[in-house]
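Some notes on the structure that comes next.
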Amino acid sequence: MSRILKSLVTAGALAAFGSGASAADLQMAHFLPEAFPPNKAEKAFAALLKEATNGEINVEIAFGGQLGGEREMLDFVAYNVVSMASFPVNHYISQFPGYEAFGMSLTYDTPEQVAAIYKKASTTLPLTKATYEKAGVTPFMFRGLDPFVLLCTKPVSKVADLEGLRIRTYGSAVPAVFEGLGAVPVNLLTSETYEGLQRGTVDCVYFSRVSHLIYKTYEVAKYNIDFEFGAVASYISYLNNDVLNAMTDDQRAAFWEAAEKGEAVALQVLSGMESKAREVFEAKLETMTIEDGHKIKEKYNASWMLTHYVESMTKLGAEQEAVAKEVEAFLVKELGL
């Protein structure tokens, strides 16, 4: 446990049922700034839960990392420093090895599809569920990101044009794909992508259309490469297990109903933003199609991605390997591979 976390726990900063605090005071930490449009989902969830419980549960959301950074948030929820939090799982792949299978490119078609499959896996697969139980948290508010595309400062009309291009990527599988296509993966924070394109640190950025819109990479790119690398799972939220167990049956039912409605809001907001992104790209960028893009999908299909996923998790340990194989078998069935 970090020194900060120890001091908070010692000070009694436990805003949840089990700590004796009012049921109307559940704090939710969020890593994104409040102005981020998809946060309408969390706001809707909080409002719906308060209404459904007649004010018994009032979720207070602290945006922009006010209640902890991304590397601290899991511990903060697990130790009940905050009751719940929304954060990306990038820093917690070892704890939650199931996630990586839902962040793979070239596997899922729509955000609705990947969110539903991710939710089903996380709530029904025994070993995958056990990773959350071990961490002391319960996942909720599952969401997906719209299909990823490249915005570039250099033209790409065929697969060979990717050779030598510096492309901002993330994760394990995506860099491997671009390396195999002859490109050079570059690790940049999302906040650095605009400047990276502007200064020529990277030639392309791999983002969902909505992410390109939010981070305004279209302002410093020239080309919209009209090839979809598929939708992926997005960040989700996590609730402290003791807080969940301390709720009444009616409160828990209201919680899950509010979470489902929040998920629907997230998809609705995402759809509207994707449409806006397409309009902006059409107005400001030159659209190019990868004429032989089928070669990418043939070489790096869902089966290849799953094999890479299992191999990556196996390197982390036996527990992670077991989860990965469980998820692999589940996806083979779900996707009809």
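The chains in the structure tokens are called A, B, ... from first to last as shown; in each chain the residues are counted from 1, and the ligands are counted from 1 in the order shown.
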
Please identify every residue of range 87-176 of chain A that has at least one atom no farther than 7 Å from an atom of range 218-224 of chain A, counting only C-alpha atoms, and for each give the shortest atom pair and the distance in Å to one decimal, arranged by chain then increasing number, as a tab-separated table.
```
residue	atom	partner	partner_atom	distance
A:Leu150	CA	A:Asn224	CA	6.5
A:Leu151	CA	A:Asn224	CA	4.9
A:Cys152	CA	A:Tyr223	CA	5.1
A:Thr153	CA	A:Ala221	CA	4.8
A:Lys154	CA	A:Tyr223	CA	6.8
A:Pro155	CA	A:Tyr223	CA	6.3
```

Each residue of range 214-253 of chain A lying at most 9 Å from range 27-47 of chain A should get a row with its shortest atom-to-atom pair and the distance in Å to one decimal, counting only C-alpha atoms; could you produce that, ordered by chain and increasing number, as a tab-separated table?
```
residue	atom	partner	partner_atom	distance
A:Ile214	CA	A:Phe36	CA	8.0
A:Ser237	CA	A:His30	CA	8.7
A:Leu239	CA	A:Met28	CA	8.8
```

Using N, CA and C atoms, can you export the residues from the last selection as an mmCIF file, in the first residue's frame?
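That gives us part-v3.cif:
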```
data_model
loop_
_atom_site.group_PDB
_atom_site.id
_atom_site.type_symbol
_atom_site.label_atom_id
_atom_site.label_comp_id
_atom_site.auth_asym_id
_atom_site.auth_seq_id
_atom_site.Cartn_x
_atom_site.Cartn_y
_atom_site.Cartn_z
ATOM 1 N N ILE A 214 -11.784 14.429 -30.029
ATOM 2 C CA ILE A 214 -11.571 15.018 -28.707
ATOM 3 C C ILE A 214 -10.185 15.643 -28.581
ATOM 4 N N SER A 237 -15.902 1.256 -14.916
ATOM 5 C CA SER A 237 -15.892 1.700 -13.522
ATOM 6 C C SER A 237 -15.807 0.500 -12.590
ATOM 7 N N LEU A 239 -16.465 -0.747 -8.356
ATOM 8 C CA LEU A 239 -17.102 -0.472 -7.071
ATOM 9 C C LEU A 239 -16.471 -1.345 -5.994
#
```

### Message
With DSSP run on the backbone, what are the helix (DSSP H, G or I) residues within range 44-135 of chain A? I'd like them as a ChimeraX atom specification.
### Response
/A:44-52,73-78,90-92,99-102,111-124,126-135

### Task
Using only C-alpha atoms, determine which residues lie at most 12 Å from Gly293 in chain A, disregarding the query and same-chain residues fewer than 6 positions distant; provide the list as a list in words.
Leu106, Val156, Ser157, Lys158, Val159, Ala160, Asp161, Leu162, Leu181, Ile225, Asp226, Phe227, Glu228, Phe229, Lys299 and Tyr300 of chain A

Grab the residues selected above and save them as a PDB file, in the first residue's frame with N, CA and C atoms.
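The resulting file, again-v5.pdb, is reproduced below:
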```
ATOM      1  N   LEU A 106      -8.859  -5.268 -34.885  1.00  0.00           N
ATOM      2  CA  LEU A 106      -9.216  -6.223 -35.940  1.00  0.00           C
ATOM      3  C   LEU A 106      -9.979  -7.448 -35.422  1.00  0.00           C
ATOM      4  N   VAL A 156      -1.266   7.443 -47.295  1.00  0.00           N
ATOM      5  CA  VAL A 156      -1.229   5.984 -47.232  1.00  0.00           C
ATOM      6  C   VAL A 156      -2.354   5.461 -48.111  1.00  0.00           C
ATOM      7  N   SER A 157      -1.986   4.888 -49.258  1.00  0.00           N
ATOM      8  CA  SER A 157      -3.007   4.351 -50.164  1.00  0.00           C
ATOM      9  C   SER A 157      -2.869   2.851 -50.368  1.00  0.00           C
ATOM     10  N   LYS A 158      -1.789   2.292 -49.829  1.00  0.00           N
ATOM     11  CA  LYS A 158      -1.587   0.843 -49.897  1.00  0.00           C
ATOM     12  C   LYS A 158      -0.770   0.409 -48.686  1.00  0.00           C
ATOM     13  N   VAL A 159      -0.794  -0.866 -48.390  1.00  0.00           N
ATOM     14  CA  VAL A 159      -0.123  -1.381 -47.201  1.00  0.00           C
ATOM     15  C   VAL A 159       1.365  -1.034 -47.217  1.00  0.00           C
ATOM     16  N   ALA A 160       1.983  -1.092 -48.370  1.00  0.00           N
ATOM     17  CA  ALA A 160       3.420  -0.807 -48.463  1.00  0.00           C
ATOM     18  C   ALA A 160       3.761   0.610 -48.018  1.00  0.00           C
ATOM     19  N   ASP A 161       2.790   1.520 -48.096  1.00  0.00           N
ATOM     20  CA  ASP A 161       3.046   2.913 -47.691  1.00  0.00           C
ATOM     21  C   ASP A 161       3.242   3.054 -46.190  1.00  0.00           C
ATOM     22  N   LEU A 162       2.857   2.046 -45.436  1.00  0.00           N
ATOM     23  CA  LEU A 162       3.031   2.088 -43.986  1.00  0.00           C
ATOM     24  C   LEU A 162       4.481   1.853 -43.578  1.00  0.00           C
ATOM     25  N   LEU A 181       3.750  -4.815 -40.302  1.00  0.00           N
ATOM     26  CA  LEU A 181       3.426  -4.122 -41.550  1.00  0.00           C
ATOM     27  C   LEU A 181       4.552  -3.181 -41.980  1.00  0.00           C
ATOM     28  N   ILE A 225      -7.143   8.185 -43.110  1.00  0.00           N
ATOM     29  CA  ILE A 225      -6.962   6.896 -43.758  1.00  0.00           C
ATOM     30  C   ILE A 225      -8.208   6.050 -43.485  1.00  0.00           C
ATOM     31  N   ASP A 226      -8.988   5.840 -44.528  1.00  0.00           N
ATOM     32  CA  ASP A 226     -10.296   5.210 -44.386  1.00  0.00           C
ATOM     33  C   ASP A 226     -10.180   3.680 -44.339  1.00  0.00           C
ATOM     34  N   PHE A 227      -9.577   3.205 -43.251  1.00  0.00           N
ATOM     35  CA  PHE A 227      -9.474   1.765 -42.998  1.00  0.00           C
ATOM     36  C   PHE A 227      -9.741   1.568 -41.514  1.00  0.00           C
ATOM     37  N   GLU A 228     -10.735   0.766 -41.177  1.00  0.00           N
ATOM     38  CA  GLU A 228     -11.094   0.558 -39.786  1.00  0.00           C
ATOM     39  C   GLU A 228     -10.367  -0.645 -39.190  1.00  0.00           C
ATOM     40  N   PHE A 229      -9.697  -0.396 -38.056  1.00  0.00           N
ATOM     41  CA  PHE A 229      -8.998  -1.456 -37.339  1.00  0.00           C
ATOM     42  C   PHE A 229      -9.881  -2.109 -36.279  1.00  0.00           C
ATOM     43  N   LYS A 299      -3.970 -11.211 -42.632  1.00  0.00           N
ATOM     44  CA  LYS A 299      -2.788 -11.594 -41.863  1.00  0.00           C
ATOM     45  C   LYS A 299      -3.037 -11.501 -40.357  1.00  0.00           C
ATOM     46  N   TYR A 300      -3.691 -10.423 -39.958  1.00  0.00           N
ATOM     47  CA  TYR A 300      -3.918 -10.194 -38.532  1.00  0.00           C
ATOM     48  C   TYR A 300      -5.407 -10.323 -38.211  1.00  0.00           C
TER      49      TYR A 300
END
```

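Nearest residue to Lys333 in chain A, choosing from A:Asn54, A:Asn245, A:Ser303, A:Thr123 and counting only C-alpha atoms: A:Ser303.
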
### Task
Would you please give, as a ChimeraX atom specification, all residues of range 122-199 of chain A that DSSP assigns to strand (DSSP E or B) based on the backbone?
/A:137-140,144-145,148-152,166-169,184-187

Store the residues picked out above in a file with N, CA, C and O atoms, as a PDB file, in the first residue's frame.
```
ATOM      1  N   VAL A 137     -12.935  -5.542  -5.876  1.00  0.00           N
ATOM      2  CA  VAL A 137     -13.787  -4.607  -6.616  1.00  0.00           C
ATOM      3  C   VAL A 137     -14.741  -5.370  -7.537  1.00  0.00           C
ATOM      4  O   VAL A 137     -14.513  -6.536  -7.861  1.00  0.00           O
ATOM      5  N   THR A 138     -15.803  -4.689  -7.945  1.00  0.00           N
ATOM      6  CA  THR A 138     -16.750  -5.225  -8.907  1.00  0.00           C
ATOM      7  C   THR A 138     -16.831  -4.274 -10.090  1.00  0.00           C
ATOM      8  O   THR A 138     -17.054  -3.069  -9.901  1.00  0.00           O
ATOM      9  N   PRO A 139     -16.641  -4.750 -11.314  1.00  0.00           N
ATOM     10  CA  PRO A 139     -16.697  -3.876 -12.480  1.00  0.00           C
ATOM     11  C   PRO A 139     -18.137  -3.537 -12.864  1.00  0.00           C
ATOM     12  O   PRO A 139     -19.048  -4.342 -12.683  1.00  0.00           O
ATOM     13  N   PHE A 140     -18.336  -2.332 -13.387  1.00  0.00           N
ATOM     14  CA  PHE A 140     -19.649  -1.950 -13.908  1.00  0.00           C
ATOM     15  C   PHE A 140     -19.480  -0.839 -14.936  1.00  0.00           C
ATOM     16  O   PHE A 140     -18.378  -0.359 -15.161  1.00  0.00           O
ATOM     17  N   GLY A 144     -17.686   0.661 -24.947  1.00  0.00           N
ATOM     18  CA  GLY A 144     -16.737   0.404 -26.019  1.00  0.00           C
ATOM     19  C   GLY A 144     -16.348   1.709 -26.700  1.00  0.00           C
ATOM     20  O   GLY A 144     -16.973   2.747 -26.498  1.00  0.00           O
ATOM     21  N   LEU A 145     -15.307   1.636 -27.497  1.00  0.00           N
ATOM     22  CA  LEU A 145     -14.876   2.760 -28.327  1.00  0.00           C
ATOM     23  C   LEU A 145     -15.168   2.438 -29.784  1.00  0.00           C
ATOM     24  O   LEU A 145     -15.058   1.290 -30.216  1.00  0.00           O
ATOM     25  N   PHE A 148     -11.174   2.145 -34.648  1.00  0.00           N
ATOM     26  CA  PHE A 148      -9.943   2.918 -34.726  1.00  0.00           C
ATOM     27  C   PHE A 148      -9.532   3.139 -36.189  1.00  0.00           C
ATOM     28  O   PHE A 148      -9.710   2.263 -37.038  1.00  0.00           O
ATOM     29  N   VAL A 149      -8.974   4.315 -36.436  1.00  0.00           N
ATOM     30  CA  VAL A 149      -8.471   4.669 -37.761  1.00  0.00           C
ATOM     31  C   VAL A 149      -7.154   5.432 -37.588  1.00  0.00           C
ATOM     32  O   VAL A 149      -6.811   5.852 -36.479  1.00  0.00           O
ATOM     33  N   LEU A 150      -6.461   5.634 -38.688  1.00  0.00           N
ATOM     34  CA  LEU A 150      -5.233   6.421 -38.676  1.00  0.00           C
ATOM     35  C   LEU A 150      -5.498   7.814 -39.248  1.00  0.00           C
ATOM     36  O   LEU A 150      -6.116   7.952 -40.296  1.00  0.00           O
ATOM     37  N   LEU A 151      -5.020   8.839 -38.565  1.00  0.00           N
ATOM     38  CA  LEU A 151      -4.896  10.172 -39.144  1.00  0.00           C
ATOM     39  C   LEU A 151      -3.401  10.402 -39.296  1.00  0.00           C
ATOM     40  O   LEU A 151      -2.626  10.189 -38.358  1.00  0.00           O
ATOM     41  N   CYS A 152      -2.997  10.824 -40.485  1.00  0.00           N
ATOM     42  CA  CYS A 152      -1.574  10.886 -40.812  1.00  0.00           C
ATOM     43  C   CYS A 152      -1.183  12.228 -41.444  1.00  0.00           C
ATOM     44  O   CYS A 152      -2.026  12.940 -41.997  1.00  0.00           O
ATOM     45  N   ARG A 166       6.172   6.303 -38.600  1.00  0.00           N
ATOM     46  CA  ARG A 166       6.145   6.271 -37.135  1.00  0.00           C
ATOM     47  C   ARG A 166       4.699   6.465 -36.695  1.00  0.00           C
ATOM     48  O   ARG A 166       4.108   7.518 -36.940  1.00  0.00           O
ATOM     49  N   ILE A 167       4.159   5.451 -36.026  1.00  0.00           N
ATOM     50  CA  ILE A 167       2.737   5.448 -35.695  1.00  0.00           C
ATOM     51  C   ILE A 167       2.547   5.347 -34.185  1.00  0.00           C
ATOM     52  O   ILE A 167       3.079   4.432 -33.549  1.00  0.00           O
ATOM     53  N   ARG A 168       1.794   6.279 -33.643  1.00  0.00           N
ATOM     54  CA  ARG A 168       1.492   6.240 -32.211  1.00  0.00           C
ATOM     55  C   ARG A 168       0.521   5.096 -31.950  1.00  0.00           C
ATOM     56  O   ARG A 168      -0.572   5.039 -32.507  1.00  0.00           O
ATOM     57  N   THR A 169       0.939   4.156 -31.114  1.00  0.00           N
ATOM     58  CA  THR A 169       0.105   3.010 -30.764  1.00  0.00           C
ATOM     59  C   THR A 169       0.139   2.825 -29.249  1.00  0.00           C
ATOM     60  O   THR A 169       0.720   3.632 -28.520  1.00  0.00           O
ATOM     61  N   VAL A 184       6.828   1.795 -37.608  1.00  0.00           N
ATOM     62  CA  VAL A 184       7.581   1.920 -36.361  1.00  0.00           C
ATOM     63  C   VAL A 184       6.632   2.392 -35.259  1.00  0.00           C
ATOM     64  O   VAL A 184       6.231   3.561 -35.244  1.00  0.00           O
ATOM     65  N   PRO A 185       6.218   1.510 -34.348  1.00  0.00           N
ATOM     66  CA  PRO A 185       5.324   1.928 -33.263  1.00  0.00           C
ATOM     67  C   PRO A 185       6.022   2.915 -32.327  1.00  0.00           C
ATOM     68  O   PRO A 185       7.200   2.756 -31.999  1.00  0.00           O
ATOM     69  N   VAL A 186       5.294   3.930 -31.917  1.00  0.00           N
ATOM     70  CA  VAL A 186       5.823   4.942 -31.007  1.00  0.00           C
ATOM     71  C   VAL A 186       4.878   5.062 -29.829  1.00  0.00           C
ATOM     72  O   VAL A 186       3.656   5.158 -29.996  1.00  0.00           O
ATOM     73  N   ASN A 187       5.435   5.050 -28.624  1.00  0.00           N
ATOM     74  CA  ASN A 187       4.624   5.142 -27.408  1.00  0.00           C
ATOM     75  C   ASN A 187       4.524   6.598 -26.971  1.00  0.00           C
ATOM     76  O   ASN A 187       5.506   7.187 -26.528  1.00  0.00           O
TER      77      ASN A 187
END
```

### Task
Do a neighbour search on Ala78 in chain A at 7 Å with only C-alpha atoms, toss out local chain neighbours closer than 6 positions, and write the hits as a PyMOL selection string.
chain A and resi 135-137+240

Would you put the residues from that selection into a file with N, CA and C atoms, as a PDB file, in the first residue's frame?
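Generated output (part_38.pdb):
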```
ATOM      1  N   ALA A 135      -9.152  -8.554  -6.198  1.00  0.00           N
ATOM      2  CA  ALA A 135      -8.796  -7.138  -6.087  1.00  0.00           C
ATOM      3  C   ALA A 135      -9.743  -6.378  -5.159  1.00  0.00           C
ATOM      4  N   GLY A 136     -10.858  -7.008  -4.791  1.00  0.00           N
ATOM      5  CA  GLY A 136     -11.801  -6.356  -3.888  1.00  0.00           C
ATOM      6  C   GLY A 136     -12.750  -5.387  -4.562  1.00  0.00           C
ATOM      7  N   VAL A 137     -12.935  -5.542  -5.876  1.00  0.00           N
ATOM      8  CA  VAL A 137     -13.787  -4.607  -6.616  1.00  0.00           C
ATOM      9  C   VAL A 137     -14.741  -5.370  -7.537  1.00  0.00           C
ATOM     10  N   ASN A 240     -16.235  -0.766  -4.838  1.00  0.00           N
ATOM     11  CA  ASN A 240     -15.710  -1.535  -3.712  1.00  0.00           C
ATOM     12  C   ASN A 240     -16.699  -2.633  -3.322  1.00  0.00           C
TER      13      ASN A 240
END
```

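Neighbours of Glu195 in chain A closer than or equal to 10 Å, with only C-alpha atoms counted and sequence neighbours fewer than 5 positions away skipped, come out as A:Gly200, A:Thr201, A:Val202, A:Thr217, A:Val220.
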
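Residues surrounding Leu188 in chain A within 8 Å are A:Arg168, A:Thr169, A:Tyr170, A:Ser191, A:Glu192, A:Thr193, A:Gly196 [only C-alpha atoms; sequence separation below 3 positions excluded].
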
Output N, CA and C atoms of each residue in that selection to a file, as a JSON list (two decimals), in the first residue's frame.
```
[["chain", "number", "residue", "atom", "x", "y", "z"],
["A", 168, "ARG", "N", 1.79, 6.28, -33.64],
["A", 168, "ARG", "CA", 1.49, 6.24, -32.21],
["A", 168, "ARG", "C", 0.52, 5.10, -31.95],
["A", 169, "THR", "N", 0.94, 4.16, -31.11],
["A", 169, "THR", "CA", 0.10, 3.01, -30.76],
["A", 169, "THR", "C", 0.14, 2.83, -29.25],
["A", 170, "TYR", "N", -0.46, 1.76, -28.78],
["A", 170, "TYR", "CA", -0.44, 1.43, -27.36],
["A", 170, "TYR", "C", -0.68, -0.06, -27.21],
["A", 191, "SER", "N", -2.16, 12.77, -24.39],
["A", 191, "SER", "CA", -2.00, 14.22, -24.33],
["A", 191, "SER", "C", -0.84, 14.72, -25.19],
["A", 192, "GLU", "N", 0.01, 13.80, -25.64],
["A", 192, "GLU", "CA", 1.18, 14.19, -26.44],
["A", 192, "GLU", "C", 0.97, 13.99, -27.94],
["A", 193, "THR", "N", -0.18, 13.43, -28.32],
["A", 193, "THR", "CA", -0.37, 13.06, -29.73],
["A", 193, "THR", "C", -0.47, 14.27, -30.65],
["A", 196, "GLY", "N", 2.89, 15.60, -31.10],
["A", 196, "GLY", "CA", 3.68, 14.61, -31.83],
["A", 196, "GLY", "C", 3.48, 14.72, -33.33]]
```
